[in-house]
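Following: one structure in structure tokens, then a few remarks.
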Amino acid sequence: MKYIYTIIVAMLFLTACDSDLDQTPPNIASSDSLTDFGAVLNAAYFYQLGSVTPMAIMGDFRADNARMLEPPYTEFDEYGPNLTDMEDQFFGPFYTALYKSILSANNVIEKSSDATEVGEAKFLRALSYFKLVRVFGDVTVNLSASPSTTDGTILARQPAADVYNNVIIPDLEAAIASLSATSSNGRATSMAAQGMLGKVYLQMGNHSAAEPHLAAVVSGAMDAGISLQENFADIFGVDNDLNPEIIFATQVSSSISDEYEFSEFWSWSAGLDTKSLEPLDPDLVLAFDAVAGSIIDTIGVDLRRIVTIDSTASPKFPQTGGPDHDWIELRFADVMLMYAEALNENGSDAATALGILDPIRIRAGLVPLDASVLNTQTSVRQAIQDERRLELAFEGQRWFDLVRTGTVEQEMGQMIDSRYYLFPVPISEVLASFGVITQNDGY
């Protein structure tokens, strides 16, 4: 059962408009006349659906976990100017869906008198802008429920640093202050906001600011009902949606059509889209193979392997119930790995940082990492990055991890122009704004 979405709400808010900043749900006469903003908040949740598959593709197929096999989609692995050819399938729906979520959130933030609704809306607005900034860099900012339809200058892209500091961080701080630590229906919580804020600070390279937020989630997890699943396989699959490891997920239901009209993330990872019938990148296979040959991992069997990869694809999101798989935005193992990373970057001793990884590795059938062997900040850093790759493969994380850690060329094994660390802004948005919205350099 999906708690947030209903068919009525979906039909109420499905709309296509000429401008992403000028949208009013068609069956609501005026937001000024509303007193109950629950449906508007549901719309903000609903529109996240359109960002899911594009984020999954950008996170893994751009990196060394998955690959495209059919031109022009092979441009994902070629790091040149022609990625714009994929606008209709990836960047356009992603961009549109998130700005619709933002506009719905703005209505709730401005006009609802319910503090919990406002907190959830701020979380969703922050999540939307975080996704946009990671993908495009500088972006248009709209914090109004009724943006001007005549002043085109409001479309101008704002520096990513300003979006982080003036929108994303304050919104997440407000969500932390106003939301409960627990939720029985998959809605945003203070723990989700705090974990996401830690992730935001890591993306910004501010490890000292990230550490206390990640520490708070780790220390408060038990009281909030958050814990690692005993078996790695039990994190995934429709029967495991909203399990105790999931801190926040975008809920997906086959009974509700969203704006994304193409193959969804579970099909891509399993090789069911003709553009990539064998999506598994051999480099990820080698990464799992390296565990068996490692002097560190003396047991030599990683239980995550059979869940994550087969000979050609990834069974991580089983096809049984595929259209009902939730998309995991943040889970506890991710937070633990980020906490270990922050500790290491902030000068913690190797034993402390590596000790955070022990439960994750033991669940995977591996031994704890030995701080007497991995006894430098550099070696611990690499161990954490390697762990993130194997733990979070096909969860849309890899490319963004490489970019934020400055290891794109090192891990991809080639020279890559840094202009292509970002993705192209949809050309349709550039044209519709008469050039006020500019294209990223290199595209």
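Identifiers in the structure tokens: chain A, B, ... in order shown; residue index from 1 per chain; ligand index from 1 in order shown.
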DSSP helix (DSSP H, G or I) selection over region 122-325 of chain A, as a PyMOL selection string: chain A and resi 122-136+152-155+160-178+190-203+207-220+232-235+238-240+265-270+274-276+282-292+305-308+322-324
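The protein and nucleic acid residues lying at most 8 Å from Leu124 (chain A) are A:Ala44, A:Tyr45, A:Ser101, A:Ile102, A:Ala105, with only C-alpha atoms considered and sequence neighbours fewer than 6 positions away removed.
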Could you save those same residues with C-alpha atoms as a PDB file, in the first residue's frame?
ATOM      1  CA  ALA A  44       4.912  17.821  -4.071  1.00  0.00           C
ATOM      2  CA  TYR A  45       5.618  14.210  -3.114  1.00  0.00           C
ATOM      3  CA  SER A 101       7.377  19.657  -6.911  1.00  0.00           C
ATOM      4  CA  ILE A 102       8.974  22.945  -5.895  1.00  0.00           C
ATOM      5  CA  ALA A 105       5.920  22.918  -1.957  1.00  0.00           C
TER       6      ALA A 105
END
If you take only C-alpha atoms and a cut-off of 12 Å, which residues of region 238-266 of chain A touch region 46-50 of chain A, and what are their nearest atom pairs and distances in Å to one decimal, in chain and number order, as JSON lines?
{"residue": "A:Ala249", "atom": "CA", "partner": "A:Gln48", "partner_atom": "CA", "distance": 10.0}
{"residue": "A:Thr250", "atom": "CA", "partner": "A:Leu49", "partner_atom": "CA", "distance": 6.7}
{"residue": "A:Gln251", "atom": "CA", "partner": "A:Leu49", "partner_atom": "CA", "distance": 7.7}
{"residue": "A:Val252", "atom": "CA", "partner": "A:Leu49", "partner_atom": "CA", "distance": 7.1}
{"residue": "A:Ser253", "atom": "CA", "partner": "A:Leu49", "partner_atom": "CA", "distance": 9.8}
{"residue": "A:Ser254", "atom": "CA", "partner": "A:Leu49", "partner_atom": "CA", "distance": 11.7}
{"residue": "A:Ile256", "atom": "CA", "partner": "A:Phe46", "partner_atom": "CA", "distance": 9.5}
{"residue": "A:Ser257", "atom": "CA", "partner": "A:Leu49", "partner_atom": "CA", "distance": 9.4}
{"residue": "A:Asp258", "atom": "CA", "partner": "A:Leu49", "partner_atom": "CA", "distance": 6.5}
{"residue": "A:Glu259", "atom": "CA", "partner": "A:Gly50", "partner_atom": "CA", "distance": 5.7}
{"residue": "A:Tyr260", "atom": "CA", "partner": "A:Gly50", "partner_atom": "CA", "distance": 5.2}
{"residue": "A:Glu261", "atom": "CA", "partner": "A:Gly50", "partner_atom": "CA", "distance": 9.0}
{"residue": "A:Phe262", "atom": "CA", "partner": "A:Gly50", "partner_atom": "CA", "distance": 10.4}
{"residue": "A:Ser263", "atom": "CA", "partner": "A:Gly50", "partner_atom": "CA", "distance": 11.8}
{"residue": "A:Glu264", "atom": "CA", "partner": "A:Gly50", "partner_atom": "CA", "distance": 9.9}
{"residue": "A:Phe265", "atom": "CA", "partner": "A:Leu49", "partner_atom": "CA", "distance": 11.0}
Once you count only C-alpha atoms, what closest atom pair and distance in Å to one decimal does each residue of region 62-84 of chain A within 12 Å of region 90-97 of chain A have, with rows by chain and rising residue number, as a tab-separated table?
residue	atom	partner	partner_atom	distance
A:Tyr73	CA	A:Phe90	CA	10.8
A:Phe76	CA	A:Phe90	CA	11.4
A:Leu83	CA	A:Phe91	CA	9.7
A:Thr84	CA	A:Phe91	CA	8.4
From A:Pro318, A:Pro159, A:Gly225, A:Pro212, residue lying nearest Leu132 (chain A) [only C-alpha atoms]: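 Looking only at the distances to Leu132 (chain A), the closest residue turns out to be A:Pro159.
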Distance of CA of Ile247 (chain A) from CA of Ser104 (chain A), expressed in Å to one decimal place: 22.6 Å
Minimum-distance residue to Leu214 (chain A), chosen among A:Leu354, A:Leu197, A:Leu242, A:Ala333 (using only C-alpha atoms): A:Leu197
Nearest residue to Leu357 (chain A) from the set A:Val218, A:Leu330, A:Val301, A:Ala126 (distances using only C-alpha atoms):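 Among the listed residues, the smallest separation from Leu357 (chain A) belongs to A:Val218.
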For Phe423 (chain A), the nearest of the candidates A:Arg404, A:Arg134, A:Arg388, A:Arg67, counting only C-alpha atoms: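 When distances to Phe423 (chain A) are compared using only C-alpha atoms, the smallest one comes from A:Arg134.
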Among the residues A:Glu245, A:Asp171, A:Glu70, A:Asp88, the one that comes closest to Lys275 (chain A) [using only C-alpha atoms]: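 Using only C-alpha atoms, the shortest distance to Lys275 (chain A) belongs to A:Glu70.
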Residues near region 389-397 of chain A, cut-off 9 Å, only C-alpha atoms, skip fewer than 4 positions along chain, as a PyMOL selection string: chain A and resi 52-53+55-61+65-66+269+284+287-288+304-305+308+314+316-317+327-329+333-334+360+364+384-385+401-402
Convert the current residue selection to file output with N, CA and C atoms, as a compact mmCIF listing (two decimals), in the first residue's frame.
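Produced file again_11.txt, reproduced below:
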# COMPACT_ATOMS: atom_id res chain seq x y z
N VAL A 52 13.04 10.16 -10.60
CA VAL A 52 13.65 8.92 -10.11
C VAL A 52 14.51 8.24 -11.17
N THR A 53 13.91 7.85 -12.30
CA THR A 53 14.68 7.12 -13.30
C THR A 53 15.81 7.96 -13.89
N MET A 55 17.56 10.19 -12.41
CA MET A 55 18.61 10.23 -11.40
C MET A 55 19.36 8.90 -11.34
N ALA A 56 18.62 7.80 -11.48
CA ALA A 56 19.24 6.48 -11.48
C ALA A 56 20.19 6.32 -12.66
N ILE A 57 19.75 6.77 -13.83
CA ILE A 57 20.58 6.66 -15.03
C ILE A 57 21.82 7.53 -14.91
N MET A 58 21.63 8.77 -14.47
CA MET A 58 22.77 9.67 -14.35
C MET A 58 23.76 9.16 -13.31
N GLY A 59 23.26 8.59 -12.23
CA GLY A 59 24.14 8.17 -11.15
C GLY A 59 24.97 6.95 -11.45
N ASP A 60 24.44 6.01 -12.23
CA ASP A 60 25.17 4.77 -12.48
C ASP A 60 25.65 4.60 -13.91
N PHE A 61 24.84 5.01 -14.89
CA PHE A 61 25.23 4.82 -16.28
C PHE A 61 26.26 5.85 -16.73
N ASN A 65 29.52 1.82 -13.19
CA ASN A 65 28.70 0.69 -12.73
C ASN A 65 27.83 0.12 -13.84
N ALA A 66 27.40 0.98 -14.77
CA ALA A 66 26.50 0.54 -15.84
C ALA A 66 26.86 1.26 -17.13
N SER A 269 18.10 -1.29 -14.90
CA SER A 269 19.12 -2.04 -14.18
C SER A 269 19.11 -3.52 -14.54
N LEU A 284 32.50 -2.95 -12.58
CA LEU A 284 31.86 -3.28 -11.31
C LEU A 284 32.07 -4.75 -10.96
N ALA A 287 35.35 -4.96 -9.46
CA ALA A 287 35.36 -4.44 -8.10
C ALA A 287 34.91 -5.51 -7.10
N PHE A 288 33.89 -6.28 -7.48
CA PHE A 288 33.48 -7.38 -6.61
C PHE A 288 34.51 -8.50 -6.61
N ARG A 304 26.75 -9.25 -0.93
CA ARG A 304 26.04 -8.25 -1.72
C ARG A 304 26.11 -8.55 -3.20
N ARG A 305 27.09 -9.36 -3.58
CA ARG A 305 27.33 -9.59 -5.00
C ARG A 305 26.12 -10.22 -5.70
N THR A 308 23.36 -7.76 -6.18
CA THR A 308 23.67 -6.56 -6.96
C THR A 308 23.94 -6.84 -8.43
N SER A 314 21.74 -6.17 -13.28
CA SER A 314 21.60 -6.09 -11.82
C SER A 314 20.22 -6.56 -11.41
N LYS A 316 19.08 -6.14 -8.43
CA LYS A 316 18.89 -5.48 -7.14
C LYS A 316 17.44 -5.08 -6.89
N PHE A 317 16.76 -4.67 -7.97
CA PHE A 317 15.34 -4.37 -7.86
C PHE A 317 14.59 -5.44 -8.66
N TRP A 327 11.78 4.09 -4.69
CA TRP A 327 13.14 4.52 -4.99
C TRP A 327 13.77 5.06 -3.70
N ILE A 328 14.86 4.46 -3.30
CA ILE A 328 15.50 4.82 -2.03
C ILE A 328 16.29 6.11 -2.21
N GLU A 329 15.88 7.14 -1.52
CA GLU A 329 16.60 8.42 -1.54
C GLU A 329 17.70 8.44 -0.48
N ALA A 333 22.57 2.64 5.86
CA ALA A 333 23.95 2.29 5.50
C ALA A 333 24.65 3.44 4.80
N ASP A 334 23.93 4.16 3.97
CA ASP A 334 24.48 5.34 3.30
C ASP A 334 24.93 6.37 4.34
N ILE A 360 28.18 -2.95 8.48
CA ILE A 360 27.86 -3.07 7.05
C ILE A 360 28.66 -4.21 6.43
N ALA A 364 27.65 -8.10 5.03
CA ALA A 364 28.05 -8.54 3.69
C ALA A 364 28.89 -9.81 3.73
N ILE A 384 36.67 3.48 2.23
CA ILE A 384 35.28 3.95 2.36
C ILE A 384 34.66 4.12 0.98
N GLN A 385 35.40 4.69 0.04
CA GLN A 385 34.88 4.87 -1.31
C GLN A 385 34.57 3.52 -1.96
N ASP A 401 29.14 10.61 -6.24
CA ASP A 401 30.24 10.36 -5.30
C ASP A 401 31.58 10.68 -5.93
N LEU A 402 31.76 10.25 -7.19
CA LEU A 402 33.03 10.51 -7.87
C LEU A 402 33.28 12.00 -8.04
